[in-house]
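Q: Please read through the structure below; I'll follow up with questions.
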Amino acid sequence: MATPSPAVDVEDAPVLDLPAPKITERALTGAAGLPVLGGALLGLLAGLASVIAGGVQLSGGNKGSGATLVVLGPLVLLTSLVLMCGLTVVSPGEARVVQLLGRYRGTIRAEGLTWLNPFTSRRRISTRIRNHETETAKVNDADGNPIEMAAVVVWQVEDTAKAVFEVDDYTDFVAIQTETAVRHIASSYPYDAHHEGQLSLRDGAEEITRMLSAEIAARVVSAGVRVVESRITRLAYAPEVAQVMLQRQQAGAVVAARRLIVEGAVGMVEEALDRLAENDVVELDEERKAAMVSNLLVVLCGDRGAQPVVNTGSLYQ
């Protein structure tokens with residue numbers, strides 16, 4: 001059966017050296033189950049009736065027909081029971097992987113009651129959408145800083161044959177490969193960007209999430225699993241360095257704010273000097289201009305409100 005394209009784009013995913021799948025899913029269609037169920041029930045009734053009738057005839061002295069009915073009745077009962085063993089119920093959101101003497105015969109996805117060869121084994125596989133949330137992984141980022149990271153992946157079994165025969169336990173396989181992908185992504189990028197344009201775990205959430213989904217999809221495709229979506233649920237510095245990193249972030253924020261304040265203050269001083277010169281309000285020499293610039297910068301860049309000293313004398317006192 002043709003495998004639909006995965007929900008996650010895997011173009012940017014790492015190339016993994018995984019063995020080619022030996023078995024892929026193929027559809028299997030069984031017989032209608034309700035007619036077989038009705039026939040088996042009738043056979044059970046007929047077998048019981050035959051045994052009872054045979055016993056009555058044996059007790060009445062009719063040994064020939066009585067013995068025939070007594071022998072035929074259990075055979076009919078046994079045949080009916082064997083037929084009932086082939087009845088298979090497929091519920092919505094699940095499939096049955098069918099094997100006969102160890103060989104894969106196909107997968108039944110049609111809902112309802114179906115009859116198959118009674119000697120086949122039928123393994124139930126859920127095709128519902130599932131969530132898996134990883135444990136919080138403690139790993140070093142690209143800068144060597146210890147961080148804690150966890151993610152949730154939404155996945156679904158797409159190829160039941162691969163899920164059953166290509167891996168030992170597909171649920172454990174998805175869990176381990178998801179954790180491996182989370183650790184690989186966490187160690188490949190820094191927590192914080194050090195220069196503009198650098199991809200980081202904290203600032204590039206959408207890009208990191210897309211790459212994480214692609215890597216998980218590439219790792220679990222051999223198990224017949226389709227990744228619908230993945231999201232990072234926890235991203236933080238490890239407790240032993242969290243306080244130091246917080247102080248560094250606060251210092252960076254203070255420096256950035258001061259730089260913005262200084263740029264605005266310089267612009268305001270330039271505008272004030274230009275307006276004074278343009279309107280001939282007062283004529284200042286270079287020394288007085290420097291003093292005015294200094295005072296304005298102190299007022300505009302200070303953390304607290306200025307406490308002016310009023311000059312009641314002349315301009316040069």
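Residue numbering restarts at 1 in every chain; chains get A, B, ... in the order shown in the structure tokens, and ligands count up from 1 in that same order.
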Please identify which residues in stretch 2-237 of chain A DSSP calls strand (DSSP E) from the backbone, and express them as a ChimeraX atom specification.

A: /A:31-32,87-90,94-100,103-108,112-115,121-126,130-133,137-140,146-157,225-237

Q: Which neighbours of A:Thr107 fall inside 12 Å, counting only C-alpha atoms, when residues of the same chain fewer than 3 positions from it are skipped, and could you give them as JSON, numbers by chain?

A: {"A": [1, 23, 24, 25, 26, 27, 28, 29, 30, 90, 94, 95, 96, 97, 98, 99, 104, 110, 111, 116, 120, 121, 122, 123, 124, 125, 127, 158, 159, 160, 161, 162, 163, 164]}

Q: Can you spit out the residues from that selection as a PDB file, in the first residue's frame, using C-alpha atoms?

A:
ATOM      1  CA  MET A   1       0.000   0.000   0.000  1.00  0.00           C
ATOM      2  CA  ILE A  23       7.850  -5.145   4.913  1.00  0.00           C
ATOM      3  CA  THR A  24       5.321  -2.426   4.165  1.00  0.00           C
ATOM      4  CA  GLU A  25       1.636  -2.388   4.850  1.00  0.00           C
ATOM      5  CA  ARG A  26      -0.785  -3.901   2.365  1.00  0.00           C
ATOM      6  CA  ALA A  27      -4.543  -4.015   2.604  1.00  0.00           C
ATOM      7  CA  LEU A  28      -6.352  -7.231   3.448  1.00  0.00           C
ATOM      8  CA  THR A  29     -10.052  -7.758   2.902  1.00  0.00           C
ATOM      9  CA  GLY A  30     -11.886 -10.458   4.803  1.00  0.00           C
ATOM     10  CA  VAL A  90     -12.206  -3.808  14.123  1.00  0.00           C
ATOM     11  CA  GLU A  94      -7.480   0.784  15.112  1.00  0.00           C
ATOM     12  CA  ALA A  95      -6.263  -1.849  12.658  1.00  0.00           C
ATOM     13  CA  ARG A  96      -5.468  -5.564  12.763  1.00  0.00           C
ATOM     14  CA  VAL A  97      -2.152  -6.946  11.493  1.00  0.00           C
ATOM     15  CA  VAL A  98      -2.814 -10.467  10.222  1.00  0.00           C
ATOM     16  CA  GLN A  99      -0.224 -13.273  10.171  1.00  0.00           C
ATOM     17  CA  TYR A 104       2.477 -11.310   7.104  1.00  0.00           C
ATOM     18  CA  ALA A 110     -12.235  -1.613   7.654  1.00  0.00           C
ATOM     19  CA  GLU A 111     -14.420  -1.057  10.691  1.00  0.00           C
ATOM     20  CA  LEU A 116     -10.738 -14.305   8.486  1.00  0.00           C
ATOM     21  CA  THR A 120      -4.365 -16.573  11.550  1.00  0.00           C
ATOM     22  CA  SER A 121      -3.082 -14.361  14.348  1.00  0.00           C
ATOM     23  CA  ARG A 122      -4.489 -10.834  14.458  1.00  0.00           C
ATOM     24  CA  ARG A 123      -2.576  -8.176  16.363  1.00  0.00           C
ATOM     25  CA  ARG A 124      -4.426  -5.016  17.333  1.00  0.00           C
ATOM     26  CA  ILE A 125      -2.641  -1.738  16.476  1.00  0.00           C
ATOM     27  CA  THR A 127      -4.003   4.223  14.634  1.00  0.00           C
ATOM     28  CA  GLU A 158       0.799   5.275   9.547  1.00  0.00           C
ATOM     29  CA  ASP A 159       2.252   1.939   8.395  1.00  0.00           C
ATOM     30  CA  THR A 160       1.167  -0.861  10.715  1.00  0.00           C
ATOM     31  CA  ALA A 161       3.493  -3.445   9.112  1.00  0.00           C
ATOM     32  CA  LYS A 162       6.576  -1.316   9.799  1.00  0.00           C
ATOM     33  CA  ALA A 163       5.391  -0.606  13.335  1.00  0.00           C
ATOM     34  CA  VAL A 164       5.062  -4.318  14.098  1.00  0.00           C
TER      35      VAL A 164
END

Q: Within 9 Å of A:Leu69, counting only C-alpha atoms, which residues show up once you throw out same-chain ones fewer than 2 positions away? Write them as a ChimeraX atom specification, please.

A: /A:47,50-55,57,64-67,71-74

Q: Keeping only N, CA and C atoms, write the selected residues to a file as an mmCIF file, in the first residue's frame.

A:
data_model
loop_
_atom_site.group_PDB
_atom_site.id
_atom_site.type_symbol
_atom_site.label_atom_id
_atom_site.label_comp_id
_atom_site.auth_asym_id
_atom_site.auth_seq_id
_atom_site.Cartn_x
_atom_site.Cartn_y
_atom_site.Cartn_z
ATOM 1 N N GLY A 47 -25.996 -28.607 15.916
ATOM 2 C CA GLY A 47 -25.169 -29.627 16.557
ATOM 3 C C GLY A 47 -25.771 -30.106 17.862
ATOM 4 N N SER A 50 -28.742 -32.184 17.123
ATOM 5 C CA SER A 50 -28.354 -33.500 16.604
ATOM 6 C C SER A 50 -27.926 -34.424 17.728
ATOM 7 N N VAL A 51 -27.158 -33.904 18.676
ATOM 8 C CA VAL A 51 -26.721 -34.736 19.797
ATOM 9 C C VAL A 51 -27.918 -35.193 20.630
ATOM 10 N N ILE A 52 -28.850 -34.265 20.886
ATOM 11 C CA ILE A 52 -30.029 -34.624 21.690
ATOM 12 C C ILE A 52 -30.889 -35.652 20.957
ATOM 13 N N ALA A 53 -31.093 -35.402 19.639
ATOM 14 C CA ALA A 53 -31.922 -36.343 18.865
ATOM 15 C C ALA A 53 -31.268 -37.712 18.784
ATOM 16 N N GLY A 54 -29.928 -37.730 18.618
ATOM 17 C CA GLY A 54 -29.231 -39.012 18.579
ATOM 18 C C GLY A 54 -29.366 -39.771 19.882
ATOM 19 N N GLY A 55 -29.284 -39.061 20.988
ATOM 20 C CA GLY A 55 -29.442 -39.713 22.281
ATOM 21 C C GLY A 55 -30.836 -40.280 22.452
ATOM 22 N N GLN A 57 -32.855 -41.279 20.025
ATOM 23 C CA GLN A 57 -33.011 -42.461 19.171
ATOM 24 C C GLN A 57 -32.247 -43.658 19.724
ATOM 25 N N GLY A 64 -28.707 -47.287 14.673
ATOM 26 C CA GLY A 64 -28.011 -46.824 13.459
ATOM 27 C C GLY A 64 -28.080 -45.327 13.277
ATOM 28 N N SER A 65 -29.273 -44.780 13.163
ATOM 29 C CA SER A 65 -29.418 -43.339 12.972
ATOM 30 C C SER A 65 -29.021 -42.577 14.228
ATOM 31 N N GLY A 66 -29.265 -43.165 15.400
ATOM 32 C CA GLY A 66 -28.888 -42.501 16.641
ATOM 33 C C GLY A 66 -27.389 -42.316 16.746
ATOM 34 N N ALA A 67 -26.615 -43.353 16.392
ATOM 35 C CA ALA A 67 -25.166 -43.238 16.445
ATOM 36 C C ALA A 67 -24.665 -42.213 15.443
ATOM 37 N N VAL A 71 -22.556 -38.815 16.447
ATOM 38 C CA VAL A 71 -21.231 -38.515 15.905
ATOM 39 C C VAL A 71 -21.251 -37.210 15.121
ATOM 40 N N LEU A 72 -22.316 -36.980 14.348
ATOM 41 C CA LEU A 72 -22.393 -35.787 13.497
ATOM 42 C C LEU A 72 -22.560 -34.512 14.319
ATOM 43 N N GLY A 73 -23.285 -34.582 15.419
ATOM 44 C CA GLY A 73 -23.547 -33.400 16.232
ATOM 45 C C GLY A 73 -22.269 -32.728 16.731
ATOM 46 N N PRO A 74 -21.351 -33.444 17.382
ATOM 47 C CA PRO A 74 -20.108 -32.806 17.844
ATOM 48 C C PRO A 74 -19.269 -32.234 16.707
#

Q: Any idea what the distance is between atom CA of A:Thr180 and atom CA of A:Arg202?

A: 19.5 Å

Q: Show me, as an NGL selection string, the residues that have an atom within 9 Å of A:Ala137 when counting only C-alpha atoms, minus same-chain residues fewer than 4 positions from it.

A: :A and (147-150 or 179 or 182-183)

Q: Identify, with DSSP run on backbone atoms, the residues in stretch 41-198 of chain A assigned to helix (DSSP H, G or I), and express the list as an MDAnalysis selection string.

A: chainID A and resid 41:59 63:85 160:165 170:188
